[in-house]
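To be precise, the following lines are entry-v3.cif, and they hold mmCIF, C-alpha atoms.
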```cif
data_coords
#
loop_
_atom_site.label_atom_id
_atom_site.label_comp_id
_atom_site.auth_asym_id
_atom_site.auth_seq_id
_atom_site.Cartn_x
_atom_site.Cartn_y
_atom_site.Cartn_z
CA MET T 1441 31.75 -30.04 -5.94
CA ALA T 1442 28.74 -32.33 -5.51
CA ASN T 1443 28.02 -30.72 -2.16
CA ASN T 1444 28.20 -27.29 -3.72
CA GLU T 1445 25.80 -28.41 -6.43
CA HIS T 1446 23.42 -29.80 -3.79
CA GLU T 1447 23.47 -26.51 -1.86
CA THR T 1448 22.92 -24.44 -5.00
CA ILE T 1449 20.01 -26.62 -6.07
CA ALA T 1450 18.50 -26.65 -2.57
CA LEU T 1451 18.27 -22.84 -2.70
CA LEU T 1452 16.40 -23.02 -6.03
CA LEU T 1453 13.77 -25.58 -5.00
CA PRO T 1454 11.05 -23.10 -3.93
CA TRP T 1455 11.02 -21.64 -7.44
CA GLN T 1456 11.07 -25.06 -9.04
CA VAL T 1457 7.85 -25.67 -7.11
CA ASN T 1458 6.25 -22.41 -8.24
CA GLY T 1459 7.44 -22.98 -11.81
CA ARG T 1460 9.40 -19.73 -12.08
CA LEU T 1461 12.90 -21.00 -12.79
CA SER T 1462 14.48 -20.50 -16.20
CA GLU T 1463 14.53 -23.54 -18.49
CA ASP T 1464 18.24 -24.11 -17.82
CA GLU T 1465 17.84 -23.88 -14.06
CA SER T 1466 14.80 -26.10 -14.10
CA ARG T 1467 16.58 -28.78 -16.13
CA ARG T 1468 19.52 -28.64 -13.73
CA VAL T 1469 17.21 -29.05 -10.74
CA GLU T 1470 15.38 -31.98 -12.34
CA THR T 1471 18.67 -33.76 -13.04
CA HIS T 1472 19.74 -33.28 -9.45
CA LEU T 1473 16.40 -34.46 -8.08
CA GLN T 1474 16.73 -37.81 -9.83
CA ASN T 1475 19.63 -38.68 -7.54
CA CYS T 1476 18.88 -36.73 -4.36
CA GLN T 1477 16.31 -38.09 -1.95
CA THR T 1478 16.78 -35.14 0.46
CA CYS T 1479 15.88 -32.60 -2.20
CA ARG T 1480 12.88 -34.66 -3.31
CA GLU T 1481 11.61 -34.58 0.27
CA GLN T 1482 12.21 -30.85 0.36
CA VAL T 1483 10.15 -30.46 -2.80
CA LEU T 1484 7.24 -32.32 -1.20
CA GLN T 1485 7.44 -30.08 1.87
CA LEU T 1486 7.55 -26.99 -0.29
CA GLN T 1487 4.51 -28.20 -2.22
CA THR T 1488 2.64 -28.60 1.07
CA LEU T 1489 3.70 -25.10 2.07
CA LYS T 1490 2.64 -23.64 -1.29
CA GLN T 1491 -0.69 -25.44 -1.11
CA HIS T 1492 -1.26 -24.03 2.36
CA VAL T 1493 -0.31 -20.46 1.40
CA VAL T 1494 -2.49 -20.53 -1.73
CA SER T 1495 -5.47 -22.07 0.07
CA GLU T 1496 -5.62 -19.36 2.71
CA PRO T 1497 -8.69 -17.15 2.24
CA PRO T 1498 -8.02 -13.54 1.28
CA ALA T 1499 -7.05 -11.71 4.44
CA TRP T 1500 -8.35 -8.39 3.14
CA GLN T 1501 -11.18 -7.44 0.82
CA PRO T 1502 -11.56 -4.27 -1.22
CA SER T 1503 -14.80 -2.42 -0.62
CA ALA T 1504 -16.79 0.45 -2.07
CA GLN T 1505 -16.33 2.31 1.21
CA HIS T 1506 -12.55 1.88 1.14
CA PHE T 1507 -12.43 2.97 -2.49
CA SER T 1508 -14.51 6.06 -1.69
CA GLN T 1509 -12.08 6.95 1.08
CA LEU T 1510 -9.24 6.43 -1.35
CA LEU T 1511 -10.89 8.82 -3.81
CA ALA T 1512 -11.27 11.33 -0.99
CA SER T 1513 -7.52 11.04 -0.30
CA VAL T 1514 -6.80 11.63 -4.00
CA GLU T 1515 -9.09 14.66 -3.98
CA HIS T 1516 -7.36 15.92 -0.85
CA LEU T 1517 -3.97 15.54 -2.54
CA LYS T 1518 -5.20 17.45 -5.57
CA GLN T 1519 -6.35 20.29 -3.37
CA ALA T 1520 -3.11 20.26 -1.43
CA ALA T 1521 -1.01 20.36 -4.60
CA PRO T 1522 -1.57 24.08 -5.37
CA ASN T 1523 -0.66 24.87 -1.73
CA ASN T 1524 2.58 22.98 -2.13
CA HIS T 1525 3.25 25.00 -5.22
CA ALA T 1526 2.47 28.17 -3.29
CA GLN T 1527 4.87 27.11 -0.55
CA GLN T 1528 7.64 26.99 -3.11
CA GLN T 1529 7.01 30.59 -4.09
CA PRO T 1530 8.81 32.35 -1.21
CA SER T 1531 12.18 30.84 -2.15
CA ILE T 1532 11.73 32.08 -5.71
CA ARG T 1533 10.66 35.53 -4.47
CA LYS T 1534 13.63 35.67 -2.09
CA LYS T 1535 16.04 35.32 -4.98
CA THR T 1536 14.22 38.02 -6.91
CA TRP T 1537 14.45 40.42 -3.93
CA GLN T 1538 18.16 39.76 -3.60
CA GLU T 1539 18.64 40.48 -7.25
CA LEU T 1540 16.52 43.64 -6.97
CA PHE T 1541 18.54 44.85 -3.99
CA LYS T 1542 21.80 44.28 -5.85
CA GLY T 1543 20.39 46.27 -8.78
CA PHE T 1544 19.26 49.00 -6.37
CA LEU T 1545 22.78 49.39 -4.95
CA GLN T 1546 24.20 49.69 -8.43
CA MET T 1547 21.91 52.67 -9.28
CA PRO T 1548 23.19 56.32 -9.30
CA ALA T 1549 22.92 58.00 -5.84
CA THR T 1550 20.24 60.55 -6.86
CA LEU T 1551 17.99 57.91 -8.34
CA ARG T 1552 18.52 55.75 -5.24
CA TRP T 1553 17.46 58.61 -2.89
CA THR T 1554 14.42 59.43 -5.03
CA MET T 1555 13.28 55.81 -4.93
CA ALA T 1556 13.85 55.62 -1.16
CA LEU T 1557 11.76 58.77 -0.58
CA GLU T 1558 9.02 57.44 -2.86
CA SER T 1559 8.97 54.18 -0.88
CA VAL T 1560 8.64 56.07 2.45
CA ALA T 1561 5.79 58.14 0.99
CA LEU T 1562 4.07 54.97 -0.21
CA VAL T 1563 4.34 53.36 3.25
CA VAL T 1564 2.83 56.46 4.90
CA LEU T 1565 -0.02 56.47 2.40
CA VAL T 1566 -0.81 52.78 2.94
CA ALA T 1567 -0.72 53.26 6.72
CA TYR T 1568 -3.10 56.24 6.46
CA LEU T 1569 -5.56 54.28 4.34
CA SER T 1570 -5.47 51.12 6.38
CA VAL T 1571 -6.14 52.59 9.84
CA PRO T 1572 -9.61 53.99 9.13
CA ALA T 1573 -10.47 50.87 7.16
CA LYS T 1574 -9.67 48.71 10.18
CA THR T 1575 -11.76 50.87 12.47
CA TRP T 1576 -14.59 50.76 9.99
CA LEU T 1577 -14.50 46.97 9.73
CA ALA T 1578 -14.40 46.56 13.50
CA THR T 1579 -17.55 48.66 14.03
CA THR T 1580 -20.50 46.44 14.79
CA ASP T 1581 -23.20 48.99 14.09
CA ASN T 1582 -22.07 49.39 10.52
CA PRO T 1583 -24.73 51.45 8.76
CA TYR T 1584 -23.82 50.02 5.36
CA GLN T 1585 -24.75 46.46 4.49
CA THR T 1586 -24.51 44.77 1.15
CA LEU T 1587 -26.45 41.71 -0.01
CA SER T 1588 -23.36 39.59 0.29
CA ASP T 1589 -22.65 40.59 3.89
CA GLY T 1590 -25.04 38.00 5.31
CA THR T 1591 -23.51 35.14 3.34
CA SER T 1592 -19.96 36.20 4.03
CA GLN T 1593 -20.66 36.05 7.75
CA HIS T 1594 -22.03 32.56 7.14
CA SER T 1595 -19.06 31.36 5.16
CA THR T 1596 -16.46 32.37 7.71
CA THR T 1597 -14.20 29.36 8.01
CA ASP T 1598 -14.69 28.96 11.76
CA THR T 1599 -18.49 28.76 11.60
CA VAL T 1600 -18.94 26.76 8.42
CA VAL T 1601 -18.09 23.14 7.76
CA ARG T 1602 -17.22 22.08 4.23
CA ILE T 1603 -18.43 18.60 3.34
CA ARG T 1604 -17.06 16.45 0.55
CA LEU T 1605 -19.75 14.37 -1.15
CA LEU T 1606 -19.56 11.45 -3.53
CA PHE T 1607 -22.82 10.13 -4.98
CA GLN T 1608 -23.60 6.67 -6.28
CA GLU T 1609 -23.52 6.57 -10.05
CA GLN T 1610 -27.17 5.57 -10.39
CA ILE T 1611 -28.53 8.47 -8.32
CA THR T 1612 -30.75 10.84 -10.30
CA ALA T 1613 -30.67 14.64 -10.32
CA ALA T 1614 -34.13 14.66 -8.73
CA GLU T 1615 -32.91 12.45 -5.88
CA ILE T 1616 -29.92 14.73 -5.29
CA THR T 1617 -32.19 17.77 -5.21
CA GLN T 1618 -34.52 16.01 -2.75
CA LEU T 1619 -31.57 15.00 -0.55
CA LEU T 1620 -30.09 18.50 -0.49
CA LYS T 1621 -33.51 19.91 0.37
CA GLN T 1622 -33.77 17.43 3.25
CA ALA T 1623 -30.30 18.42 4.44
CA ASP T 1624 -31.05 22.10 3.83
CA ALA T 1625 -27.81 22.56 1.96
CA ASN T 1626 -26.63 23.71 -1.45
CA ILE T 1627 -23.82 22.50 -3.63
CA GLN T 1628 -21.02 25.05 -3.53
CA GLU T 1629 -18.62 23.36 -5.89
CA GLY T 1630 -18.35 20.31 -8.14
CA PRO T 1631 -18.30 17.90 -9.65
CA SER T 1632 -14.52 17.65 -9.50
CA GLU T 1633 -12.61 15.41 -11.93
CA LEU T 1634 -13.12 12.55 -9.50
CA GLY T 1635 -16.84 13.25 -9.14
CA PHE T 1636 -16.81 15.00 -5.77
CA PHE T 1637 -19.25 17.75 -4.79
CA PHE T 1638 -18.77 20.18 -1.92
CA ILE T 1639 -21.41 21.68 0.31
CA GLU T 1640 -21.02 24.09 3.22
CA VAL T 1641 -23.19 24.02 6.31
CA PRO T 1642 -23.09 25.90 9.63
CA GLN T 1643 -20.99 24.09 12.20
CA ASN T 1644 -23.91 23.56 14.58
CA ARG T 1645 -25.78 21.63 11.87
CA ALA T 1646 -22.82 19.68 10.45
CA ALA T 1647 -23.36 16.49 12.45
CA GLN T 1648 -27.05 16.38 11.58
CA VAL T 1649 -26.40 17.00 7.88
CA LEU T 1650 -23.67 14.34 7.80
CA ASP T 1651 -26.13 11.89 9.36
CA ILE T 1652 -28.76 12.62 6.72
CA LEU T 1653 -26.23 12.28 3.92
CA ARG T 1654 -24.59 9.12 5.19
CA ASN T 1655 -27.92 7.38 5.74
CA ASN T 1656 -28.96 8.00 2.17
CA PRO T 1657 -28.21 4.99 -0.06
CA GLY T 1658 -27.42 7.31 -2.97
CA VAL T 1659 -24.38 8.69 -1.14
CA ARG T 1660 -21.10 6.82 -1.37
CA LEU T 1661 -19.13 9.13 0.85
CA ALA T 1662 -19.84 12.20 2.95
CA GLU T 1663 -17.04 13.55 5.08
CA PRO T 1664 -16.01 16.93 6.44
CA VAL T 1665 -13.02 18.43 4.67
CA GLN T 1666 -10.12 18.79 7.07
CA MET O 1029 14.62 -43.34 -8.30
CA PRO O 1030 11.74 -40.92 -7.90
CA THR O 1031 8.33 -42.41 -8.56
CA LEU O 1032 6.12 -41.50 -11.49
CA SER O 1033 3.60 -39.88 -9.12
CA PHE O 1034 6.35 -37.62 -7.76
CA TRP O 1035 7.08 -36.29 -11.25
CA MET O 1036 3.39 -35.97 -12.00
CA ILE O 1037 2.81 -33.92 -8.84
CA LEU O 1038 5.78 -31.75 -9.73
CA ALA O 1039 4.59 -31.24 -13.30
CA ILE O 1040 1.01 -30.45 -12.25
CA SER O 1041 2.29 -28.07 -9.62
CA ALA O 1042 4.45 -26.28 -12.18
CA LEU O 1043 1.66 -26.18 -14.75
CA ARG O 1044 -0.79 -24.84 -12.20
CA SER O 1045 1.61 -22.11 -11.22
CA LEU O 1046 2.17 -21.06 -14.83
CA ARG O 1047 -0.77 -18.72 -14.90
CA ASP O 1048 -1.57 -16.80 -17.98
CA THR O 1049 -0.18 -13.54 -16.74
CA SER O 1050 0.40 -11.93 -20.12
CA ARG O 1051 -3.28 -11.00 -20.54
CA GLU O 1052 -3.41 -9.55 -17.05
CA GLU O 1053 -0.15 -7.72 -17.67
CA THR O 1054 -1.43 -6.12 -20.88
CA ARG O 1055 -4.61 -5.01 -19.11
CA GLY O 1056 -2.64 -3.67 -16.15
CA LYS O 1057 -0.36 -1.63 -18.42
CA ALA O 1058 -3.32 -0.23 -20.36
CA LEU O 1059 -5.00 0.79 -17.11
CA LEU O 1060 -1.85 2.50 -15.87
CA VAL O 1061 -1.67 4.56 -19.07
CA LYS O 1062 -5.24 5.73 -18.44
CA ILE O 1063 -4.59 6.37 -14.75
CA ALA O 1064 -1.62 8.53 -15.73
CA ALA O 1065 -4.17 10.63 -17.64
CA GLN O 1066 -6.20 10.85 -14.38
CA ASP O 1067 -8.97 8.49 -15.56
CA ARG O 1068 -11.10 7.68 -12.52
CA LYS O 1069 -12.86 4.69 -14.11
CA ALA O 1070 -9.51 3.08 -14.95
CA PHE O 1071 -8.34 3.75 -11.39
CA GLU O 1072 -11.43 2.06 -10.00
CA GLU O 1073 -10.92 -0.98 -12.25
CA PHE O 1074 -7.25 -1.15 -11.26
CA TYR O 1075 -8.20 -0.92 -7.59
CA TYR O 1076 -10.72 -3.77 -7.76
CA HIS O 1077 -8.31 -5.90 -9.76
CA TYR O 1078 -5.21 -5.54 -7.57
CA ALA O 1079 -6.29 -4.29 -4.13
CA GLN O 1080 -7.20 -7.71 -2.78
CA ARG O 1081 -3.77 -9.16 -3.58
CA ILE O 1082 -2.01 -6.11 -2.21
CA GLY O 1083 -4.21 -6.21 0.89
CA HIS O 1084 -3.51 -9.90 1.44
CA PHE O 1085 0.23 -9.36 1.03
CA LEU O 1086 0.24 -6.42 3.46
CA SER O 1087 -1.92 -8.33 5.87
CA LYS O 1088 0.68 -11.13 5.98
CA MET O 1089 3.49 -8.62 6.24
CA LEU O 1090 1.98 -6.30 8.86
CA GLN O 1091 -0.32 -8.71 10.72
CA ARG O 1092 -2.61 -5.83 11.71
CA HIS O 1093 -5.88 -5.27 9.84
CA ASP O 1094 -6.14 -1.54 10.58
CA TRP O 1095 -2.66 -0.98 9.15
CA VAL O 1096 -3.64 -2.88 6.01
CA ASP O 1097 -6.44 -0.40 5.19
CA GLU O 1098 -3.92 2.41 5.46
CA GLY O 1099 -1.26 0.49 3.52
CA VAL O 1100 -3.55 -0.31 0.57
CA ASN O 1101 -4.70 3.31 0.56
CA ASP O 1102 -1.08 4.51 0.43
CA VAL O 1103 -0.17 2.06 -2.34
CA MET O 1104 -3.12 3.09 -4.50
CA LEU O 1105 -2.44 6.77 -3.88
CA THR O 1106 1.10 6.23 -5.13
CA VAL O 1107 -0.31 4.46 -8.19
CA TRP O 1108 -2.55 7.47 -8.88
CA GLN O 1109 0.37 9.87 -8.53
CA SER O 1110 3.09 7.81 -10.21
CA ALA O 1111 1.31 5.79 -12.92
CA GLY O 1112 3.00 7.97 -15.54
CA ARG O 1113 6.40 6.97 -14.21
CA PHE O 1114 5.79 3.22 -14.58
CA ASP O 1115 8.24 1.81 -17.10
CA PRO O 1116 6.97 -1.45 -18.68
CA GLU O 1117 10.47 -2.12 -20.01
CA ARG O 1118 11.84 -2.32 -16.48
CA ALA O 1119 9.23 -4.31 -14.57
CA LYS O 1120 5.92 -6.11 -14.65
CA VAL O 1121 2.90 -4.25 -13.28
CA SER O 1122 2.62 -6.66 -10.35
CA THR O 1123 6.35 -6.38 -9.54
CA TRP O 1124 6.12 -2.59 -9.55
CA LEU O 1125 2.98 -2.70 -7.43
CA PHE O 1126 4.32 -5.17 -4.85
CA GLY O 1127 7.51 -3.11 -4.68
CA ILE O 1128 5.43 -0.09 -3.67
CA ALA O 1129 3.45 -2.22 -1.23
CA HIS O 1130 6.58 -3.64 0.39
CA ASN O 1131 8.00 -0.16 0.76
CA LYS O 1132 4.81 1.21 2.32
CA GLY O 1133 4.62 -1.81 4.61
CA LEU O 1134 8.16 -1.19 5.86
CA LYS O 1135 7.35 2.47 6.48
CA ILE O 1136 4.28 1.56 8.51
CA LEU O 1137 6.30 -0.93 10.57
CA GLU O 1138 9.12 1.55 11.09
CA ARG O 1139 6.69 4.22 12.20
CA ALA O 1140 5.16 1.78 14.64
CA GLY O 1141 8.64 0.76 15.81
CA ARG O 1142 7.84 -2.83 15.06
CA ARG O 1143 10.35 -3.62 12.39
CA ARG O 1144 12.67 -6.50 13.12
CA GLU O 1145 15.96 -6.17 11.31
CA MET O 1146 17.18 -9.17 9.37
CA PRO O 1147 20.04 -11.09 10.94
CA LEU O 1148 23.21 -10.99 8.91
CA SER O 1149 24.38 -14.47 9.68
CA GLU O 1150 22.83 -17.79 10.36
CA ALA O 1151 24.01 -17.59 13.97
CA ALA O 1152 22.16 -14.34 14.39
CA ASP O 1153 19.07 -16.06 13.06
CA GLU O 1154 18.56 -17.37 16.56
CA TYR O 1155 17.00 -14.03 17.43
CA LEU O 1156 13.64 -15.58 16.86
CA GLN O 1157 14.32 -18.49 19.14
CA GLY O 1158 12.07 -18.58 22.12
CA GLU O 1159 10.20 -15.43 21.13
CA ASN O 1160 6.91 -15.47 23.01
CA ASP O 1161 7.21 -19.22 23.11
CA ASP O 1162 6.41 -19.59 26.78
CA ASN O 1163 3.12 -17.78 26.37
CA ASP O 1164 1.92 -19.51 23.27
CA PRO O 1165 -1.52 -20.99 23.96
CA LEU O 1166 -1.45 -23.12 20.82
CA GLU O 1167 1.70 -24.88 21.92
CA THR O 1168 -0.06 -27.12 24.39
CA LYS O 1169 -2.93 -28.08 22.08
CA GLN O 1170 -0.83 -30.52 20.11
CA ASP O 1171 -0.34 -33.94 21.58
CA PRO O 1172 2.84 -35.41 20.09
CA SER O 1173 1.91 -38.84 21.39
CA ASN O 1174 -1.20 -38.92 19.25
CA PRO O 1175 -0.17 -39.43 15.60
CA GLU O 1176 -3.77 -39.81 14.46
CA GLN O 1177 -4.48 -36.29 15.60
CA GLN O 1178 -1.52 -34.94 13.67
CA VAL O 1179 -2.21 -36.48 10.29
CA MET O 1180 -5.32 -34.37 9.95
CA GLY O 1181 -4.64 -31.78 7.31
CA TRP O 1182 -6.37 -28.94 9.11
CA GLN O 1183 -4.07 -29.37 12.05
CA LEU O 1184 -1.02 -29.07 9.86
CA GLY O 1185 -2.63 -26.07 8.21
CA GLU O 1186 -3.27 -24.46 11.58
CA ALA O 1187 0.30 -25.18 12.66
CA LEU O 1188 1.66 -23.75 9.40
CA THR O 1189 -0.37 -20.56 9.82
CA TRP O 1190 1.00 -20.22 13.33
CA ALA O 1191 4.56 -21.04 12.26
CA ILE O 1192 4.49 -18.53 9.39
CA SER O 1193 3.16 -15.83 11.71
CA LYS O 1194 6.21 -16.43 13.90
CA LEU O 1195 8.63 -15.55 11.11
CA SER O 1196 10.11 -12.09 10.58
CA GLU O 1197 8.26 -9.89 8.09
CA GLU O 1198 11.03 -10.31 5.51
CA HIS O 1199 10.77 -14.10 5.72
CA ARG O 1200 6.98 -13.92 5.50
CA CYS O 1201 7.25 -11.63 2.46
CA VAL O 1202 9.51 -14.05 0.60
CA ILE O 1203 7.11 -16.94 1.25
CA GLU O 1204 4.05 -14.91 0.34
CA LEU O 1205 5.57 -13.52 -2.87
CA SER O 1206 6.91 -16.91 -3.96
CA PHE O 1207 3.88 -19.05 -3.32
CA ASN O 1208 0.87 -16.79 -3.35
CA ASN O 1209 2.01 -14.43 -6.07
CA ASN O 1210 4.20 -16.82 -8.02
CA CYS O 1211 7.11 -14.40 -8.21
CA SER O 1212 10.52 -15.51 -9.43
CA TYR O 1213 13.47 -14.85 -7.12
CA GLN O 1214 14.61 -12.10 -9.52
CA GLU O 1215 11.22 -10.36 -9.17
CA ILE O 1216 11.30 -10.71 -5.39
CA ALA O 1217 14.77 -9.16 -5.36
CA GLU O 1218 13.37 -6.21 -7.27
CA ILE O 1219 10.31 -5.91 -5.02
CA MET O 1220 12.36 -6.08 -1.83
CA SER O 1221 15.27 -4.06 -3.23
CA CYS O 1222 17.90 -6.64 -2.35
CA PRO O 1223 20.32 -8.94 -4.22
CA GLU O 1224 18.96 -12.17 -5.70
CA ASN O 1225 21.16 -14.28 -3.42
CA THR O 1226 19.66 -12.55 -0.40
CA VAL O 1227 16.22 -13.68 -1.54
CA LYS O 1228 17.45 -17.27 -1.78
CA THR O 1229 19.06 -17.21 1.66
CA ARG O 1230 16.01 -15.52 3.20
CA MET O 1231 13.87 -18.31 1.81
CA TYR O 1232 16.34 -20.88 3.13
CA HIS O 1233 16.23 -19.40 6.64
CA ALA O 1234 12.45 -19.02 6.47
CA ARG O 1235 12.10 -22.73 5.67
CA LYS O 1236 14.54 -23.64 8.41
CA LYS O 1237 12.63 -21.58 10.98
CA LEU O 1238 9.33 -23.03 9.80
CA ALA O 1239 10.66 -26.56 10.23
CA GLU O 1240 11.85 -25.72 13.76
CA HIS O 1241 8.52 -24.18 14.72
CA LEU O 1242 6.61 -27.14 13.30
CA GLN O 1243 8.83 -29.58 15.11
CA ARG O 1244 8.05 -27.84 18.38
CA ARG O 1245 4.36 -28.38 17.60
CA GLY O 1246 5.03 -32.06 17.07
CA PHE O 1247 5.16 -32.08 13.27
CA ASP O 1248 8.02 -33.88 11.62
CA PRO O 1249 9.44 -31.58 8.95
CA THR O 1250 10.55 -34.56 6.88
CA GLY O 1251 6.97 -35.68 6.43
CA GLN O 1252 3.52 -34.15 6.51
CA ASN O 1253 2.53 -35.84 9.72
CA GLY O 1254 4.37 -36.25 12.91
CA GLY O 1255 4.31 -38.64 15.77
#
```

Could you write out this structure as structure tokens?
Amino acid sequence: MANNEHETIALLLPWQVNGRLSEDESRRVETHLQNCQTCREQVLQLQTLKQHVVSEPPAWQPSAQHFSQLLASVEHLKQAAPNNHAQQQPSIRKKTWQELFKGFLQMPATLRWTMALESVALVVLVAYLSVPAKTWLATTDNPYQTLSDGTSQHSTTDTVVRIRLLFQEQITAAEITQLLKQADANIQEGPSELGFFFIEVPQNRAAQVLDILRNNPGVRLAEPVQ
Amino acid sequence: MPTLSFWMILAISALRSLRDTSREETRGKALLVKIAAQDRKAFEEFYYHYAQRIGHFLSKMLQRHDWVDEGVNDVMLTVWQSAGRFDPERAKVSTWLFGIAHNKGLKILERAGRRREMPLSEAADEYLQGENDDNDPLETKQDPSNPEQQVMGWQLGEALTWAISKLSEEHRCVIELSFNNNCSYQEIAEIMSCPENTVKTRMYHARKKLAEHLQRRGFDPTGQNGG
């Protein structure tokens, strides 16, 4: 019995040392300690261990840079969230199609044939319209050009890099304007809820622009969006 | 009979460890409510208040600085996403947070294939015996025949750091949570998702392994100095 009590108490000693035992447990430990030299020695060792663990300098420090990266991850998650939602859509649509098909089979034969013929006609019409459109788009010497054509060529995803920007809170509007002028870039979007702005620059200038942005003390974070 | 100084040390130690956590807890809960409403300022305050402790804990658990950056990032991301799900009736903010951190830490270790499973019995605890011991450069620094050298506190501290680093991550976690974060064994059980008795036996084995490691460095586990 006494041995059992000793073993039970010995297991509780670390939390007697950190002061986190319940009142009942603590009283029980104290009573045992009065008559147990071994446990008293254990307590002293545990105090040394606690002192050592507490006195160790912090092994990791938070930083503005780490927090900015964290905000970028949050922003990334937010942007990814609608995509996740979109990925769930096909399963919903699949059910709808199955239901539609069941409904289709239950229709009277004449109505079914009419709908089938209408569908074939629709497919032929779409095919007719899409072929010349493709040829037209593929032509390089397109005689028609709209004002937006130039920018749309620029904003093609494979030639443009999107950069996520987070400014220091104390930066002024004038300083941002000056910085964007220096980087020869314009804000395309922002600020987001988390304070991010987005700019787009041609791929061949991305490294240079990132350098300019990152070297500016008013910028907390500048990173290309993956 | 124990001396008066023994009881005084014990009382001071207990008093020191009884930090005023209620104020911190109230603040933490209030911040989580704001974070659930996607408040960036509250998130930033929460980060600067807790990240260092989480980083320190993960650093002891993972023992790789580059993994700690990732781990803290993952923990805080989870806080941002799940703050609304925090139930103050079920756990303290720090318990909830360290639970997330412990989970993320395990995932990082598993991904890296570095996780050491806990032995189920005391006999199996020998799995640590002799691990990298032959190649330990610190082993030869200690001269057991020189007691004067050993009584120096910094040497014990150095030996303790080394001995703790030799433990399994679960043993290190129990020590870290108990002594650096002042967790009760019930809180540790919640953080590590294990029964309370498992926490007690893990601590027991951790202490046993520490004593063995220290003995091999020439420190007598029954006293602070060896020789």

**Request:** Tell me which protein, DNA and RNA residues are within 12 Å of Glu1224 (chain O), counting all atoms listed in the file, leaving out same-chain ones fewer than 2 positions away, and put them as a PyMOL selection string.
**Result:** (chain T and resi 1451-1452) or (chain O and resi 1202+1212-1222+1226-1231)

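In plain terms, chain T touches chain O through Leu1451, Asn1458, Gly1459, Arg1460, Lys1490, Val1494, Pro1498, Ala1499, Trp1500, Gln1501, Pro1502 and Leu1510 of chain T, where touching means an atom at most 6 Å away, counting all atoms listed in the file.
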
For region 1115-1121 of chain O: contacts at 8 Å, all atoms listed in the file, fewer than 3 positions along chain excluded, given as an mmCIF file with C-alpha atoms, in the coordinates of the input:
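In the end it all went to selection-v6.cif:
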```cif
data_model
loop_
_atom_site.group_PDB
_atom_site.id
_atom_site.type_symbol
_atom_site.label_atom_id
_atom_site.label_comp_id
_atom_site.auth_asym_id
_atom_site.auth_seq_id
_atom_site.Cartn_x
_atom_site.Cartn_y
_atom_site.Cartn_z
ATOM 1 C CA GLU O 1053 -0.150 -7.720 -17.670
ATOM 2 C CA GLY O 1056 -2.640 -3.670 -16.150
ATOM 3 C CA LYS O 1057 -0.360 -1.630 -18.420
ATOM 4 C CA TRP O 1124 6.120 -2.590 -9.550
ATOM 5 C CA LEU O 1125 2.980 -2.700 -7.430
#
```

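Take the candidates O:Leu1137, O:Met1089, O:Leu1059, O:Ala1070 and check each one against His1199 (chain O) using only C-alpha atoms; the shortest distance goes to O:Met1089.
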
**Asked** What does the distance from CA of Gly1635 (chain T) to CA of Ala1512 (chain T) come to in Å, to one decimal?
**Response**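 Rounded to one decimal, the two atoms are 10.1 Å apart.
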
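One distance worth recording is that between CA of Ser1508 (chain T) and CA of Ala1520 (chain T), which is 18.2 Å.
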
So that I can see what lies close to Ala1140 (chain O), please list as a PDB file with C-alpha atoms, in the frame of the given file the residues with an atom at most 12 Å from it, counting all atoms listed in the file and leaving out residues fewer than 4 positions away in the same chain.
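Saved result, selection-v8.pdb, follows:
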```pdb
ATOM      1  CA  LEU O1090       1.980  -6.300   8.860  1.00  0.00           C
ATOM      2  CA  ARG O1092      -2.610  -5.830  11.710  1.00  0.00           C
ATOM      3  CA  TRP O1095      -2.660  -0.980   9.150  1.00  0.00           C
ATOM      4  CA  GLY O1133       4.620  -1.810   4.610  1.00  0.00           C
ATOM      5  CA  LEU O1134       8.160  -1.190   5.860  1.00  0.00           C
ATOM      6  CA  LYS O1135       7.350   2.470   6.480  1.00  0.00           C
ATOM      7  CA  ILE O1136       4.280   1.560   8.510  1.00  0.00           C
ATOM      8  CA  ARG O1144      12.670  -6.500  13.120  1.00  0.00           C
TER       9      ARG O1144
END
```
